[in-house]
Amino acid sequence: MSRRSDSRSASCHLKWREGFLFGACGIGIIAVIFCSGESLLYAQEQSAAVISHEVKEIFERAGKAVVKIHGLDQHSPICGTGFFIDPTGTLYTAYTVGGEADNFTVEFAGQKYPARQLVADIRSGTAMLKIDAATPVLPIGKSEELEVATPVVAVGFPLDLAQTPNFGMIAGFDHKYLGRYFSTTHLRVNLPTQRGEAGAPLLNMKGEVVGILVSSLENNSSCYAVPIEAAEKIRRDFVRFGEARHGWVGINVTEAPQPVEGSRAEMAQIMDGTPAAYSGIKRGDILLSVGRKKVTQPEDVLDASFFITAGDIVPITVMRGNKKLTFEVQADLHPASKNLPVLPDGTQLPAAAAADGNHAIPLKLDSEAQRTP
Amino acid sequence: MDEFNDNEISKLLRLKRYEQPPPGYFENFLHEFHRRQRDELLRQPLWRICLDRAHEFKFRFPVRSLASYPAAVAAVLVCGAIISLKIYQQPETTQVALQSPPALSTPTSTDAQWTLASPGATRTFRMQPLHRFDASTQTHWATTPPRYVLDSVPVSYEPTFRF
């Protein structure tokens, strides 16, 4: 009897122990879940606070160099945004703001300054204006360092409202939009924009300018920005020649049926009377690189050639059969360049016509040729 | 007909051959059309717009037939005369009372100054225009609201893979 009662009490004790263990485990699990949820929420709040703090800091720092631009075009007064890039009052803006208007005034530090246009370039979609004042400057960054989902900040003047920060991220690097190819790669940014913010600087999280806002996309929920390198190319040209001088070699490129050395860019046409016609490059050659820019598809040609300056010597590497050949070509002025309306026979050619025709404009350069990297 | 020689005509034709509208022309055509229509209307002087309106009114309503009722015209004239007499014969004291400042108000030379003269705090403003416009620069742009720029398509455009 005593043995039976012992075994019964032992089994009862075991059941109590198991129950206690199960209960403790359950409470533990619930506690862990609760704590992890809390810590997750806390972490989210912390990261949001950090982002907010960083954006605020960039806005406060960069905002001093961002200005509102007023102008007058053939239809009405216009308003846009711009930003200073040197301490003598030179500023970048979008072509749609500073390209085809005049009577510019810039609102800076609570005052209005008259501004003049230095250069406007429709290929890059940018313009440079200048006021006569000592100004703060935004540091120039590198858009090449951007990747998809890199956070960015824009500072602009939406409508008639005060200076406003916008926070978003890089959504893509596009060659074309709605079937239209750009002259150079544009940054697609998931960042809300409003009218009046054309020409606003796109800043990385270090506060450096990596692009210039040029247009919005559907519902103003995102926008396109020109990489700052494109604007800097125009500035370099302006410093050297007093105008934008896009280079031109005279080659039409199409897609090759099969890749050769990793490239599908085939020379479809070498235009008569162009630098390419005298260089030795032939139809059917596969384009491998323009300067230092590697070419793998016909689309790459746009980006590679955008940075050619007229008068510079451009090394062009091609594949002909099994041979890799490099030709050094001195670029002429691009037909779409604005200041080239006169053909050798004296015919005045509108820029739009030149852009469409296969004309190269023979160039008399005052300065010596430079090598395009 | 012989004013142009063949060379000039061929040059002109060459220019025409390459003509093409700028990017975004067709997308913005209707918008531009309406804008220009409005601009054209506003470009006319005010008196001309009024004259046009008056002409339009004249054709819409038979003014001549109305004018044929001399009694009505005379009545209108008499009414007008009576009203104008009443206005000009009002006592001058009323005008003085209207023009004189309130007895307890503070001097108006201070700009945007708070005063405790009346039971409720009132603010007296110096009524002066913020901007002084030059009459010669007053065009119809002055009344046009500014266009805040941000296009829906980038202007950068390359027709083919050419370089």
# chains A, B, ... in the order shown; residues from 1 in each chain; ligands from 1

call {"tool": "interface_residues", "arguments": {"of": "chain B", "to": "chain A", "cutoff": "6 Å", "atoms": "only C-alpha atoms", "output": "PyMOL selection string"}}
result
chain B and resi 18-19+146-158+161-163

call {"tool": "write_last_selection", "arguments": {"atoms": "C-alpha atoms", "output": "JSON list (two decimals), in the first residue's frame"}}
result
[["chain", "number", "residue", "atom", "x", "y", "z"],
["B", 18, "TYR", "CA", 14.80, 70.59, -91.24],
["B", 19, "GLU", "CA", 12.24, 72.53, -89.27],
["B", 146, "PRO", "CA", 3.80, 83.97, -61.80],
["B", 147, "ARG", "CA", 4.21, 80.52, -63.29],
["B", 148, "TYR", "CA", 5.92, 78.21, -60.83],
["B", 149, "VAL", "CA", 8.23, 76.09, -62.92],
["B", 150, "LEU", "CA", 8.53, 72.31, -62.83],
["B", 151, "ASP", "CA", 7.89, 70.65, -66.15],
["B", 152, "SER", "CA", 6.47, 67.17, -66.51],
["B", 153, "VAL", "CA", 9.12, 66.07, -69.02],
["B", 154, "PRO", "CA", 12.86, 66.82, -68.96],
["B", 155, "VAL", "CA", 14.00, 69.09, -71.79],
["B", 156, "SER", "CA", 17.06, 67.00, -72.54],
["B", 157, "TYR", "CA", 16.40, 65.02, -75.69],
["B", 158, "GLU", "CA", 18.48, 62.98, -78.13],
["B", 161, "PHE", "CA", 22.25, 57.07, -80.81],
["B", 162, "ARG", "CA", 24.60, 59.54, -82.47],
["B", 163, "PHE", "CA", 27.79, 61.06, -81.26]]

call {"tool": "residues_around", "arguments": {"residues": "Thr309 of chain A", "least_positions_apart": "2", "cutoff": "10 Å", "atoms": "only C-alpha atoms", "output": "ChimeraX atom specification"}}
result
/A:233-234,236-237,244-248,305-307,311-314,330-334,369-372

call {"tool": "write_last_selection", "arguments": {"atoms": "C-alpha atoms", "output": "PDB file, in the first residue's frame"}}
result
ATOM      1  CA  LYS A 233      30.747  69.898 -67.760  1.00  0.00           C
ATOM      2  CA  ILE A 234      28.815  72.949 -68.949  1.00  0.00           C
ATOM      3  CA  ARG A 236      33.990  73.816 -67.476  1.00  0.00           C
ATOM      4  CA  ASP A 237      33.094  74.629 -71.075  1.00  0.00           C
ATOM      5  CA  ALA A 244      28.720  75.230 -73.826  1.00  0.00           C
ATOM      6  CA  ARG A 245      30.625  73.280 -76.479  1.00  0.00           C
ATOM      7  CA  HIS A 246      29.286  69.792 -76.970  1.00  0.00           C
ATOM      8  CA  GLY A 247      31.506  67.513 -78.973  1.00  0.00           C
ATOM      9  CA  TRP A 248      30.560  65.615 -82.093  1.00  0.00           C
ATOM     10  CA  SER A 305      29.602  61.160 -75.709  1.00  0.00           C
ATOM     11  CA  PHE A 306      27.836  63.810 -73.629  1.00  0.00           C
ATOM     12  CA  PHE A 307      31.064  64.675 -71.867  1.00  0.00           C
ATOM     13  CA  GLY A 311      38.057  70.476 -80.006  1.00  0.00           C
ATOM     14  CA  ASP A 312      39.174  67.734 -77.633  1.00  0.00           C
ATOM     15  CA  ILE A 313      40.895  64.603 -78.872  1.00  0.00           C
ATOM     16  CA  VAL A 314      38.785  61.554 -78.035  1.00  0.00           C
ATOM     17  CA  GLN A 330      39.332  65.478 -82.687  1.00  0.00           C
ATOM     18  CA  ALA A 331      35.708  66.256 -81.915  1.00  0.00           C
ATOM     19  CA  ASP A 332      33.863  68.993 -83.781  1.00  0.00           C
ATOM     20  CA  LEU A 333      31.068  71.107 -82.412  1.00  0.00           C
ATOM     21  CA  HIS A 334      27.784  69.251 -81.968  1.00  0.00           C
ATOM     22  CA  ALA A 369      42.979  70.618 -78.348  1.00  0.00           C
ATOM     23  CA  GLN A 370      42.726  68.752 -75.076  1.00  0.00           C
ATOM     24  CA  ARG A 371      42.448  65.066 -74.472  1.00  0.00           C
ATOM     25  CA  THR A 372      39.088  63.777 -73.297  1.00  0.00           C
TER      26      THR A 372
END

call {"tool": "select_by_dssp", "arguments": {"residues": "segment 139-273 of chain A", "states": "helix (DSSP H, G or I)", "output": "ChimeraX atom specification"}}
result
/A:143-145,218-220,228-241

call {"tool": "atom_distance", "arguments": {"atom1": "atom CA of Ile51 of chain A", "atom2": "atom CA of Gly207 of chain A"}}
result
13.2 Å

call {"tool": "atom_distance", "arguments": {"atom1": "atom CA of Ala127 of chain A", "atom2": "atom CA of Gly89 of chain A"}}
result
13.9 Å

call {"tool": "atom_distance", "arguments": {"atom1": "atom CA of Val67 of chain A", "atom2": "atom CA of Thr88 of chain A"}}
result
14.4 Å

call {"tool": "residues_around", "arguments": {"residues": "segment 102-109 of chain A", "least_positions_apart": "4", "cutoff": "9 Å", "atoms": "only C-alpha atoms", "output": "ChimeraX atom specification"}}
result
/A:64-73,82,98,113-117,129,131,135
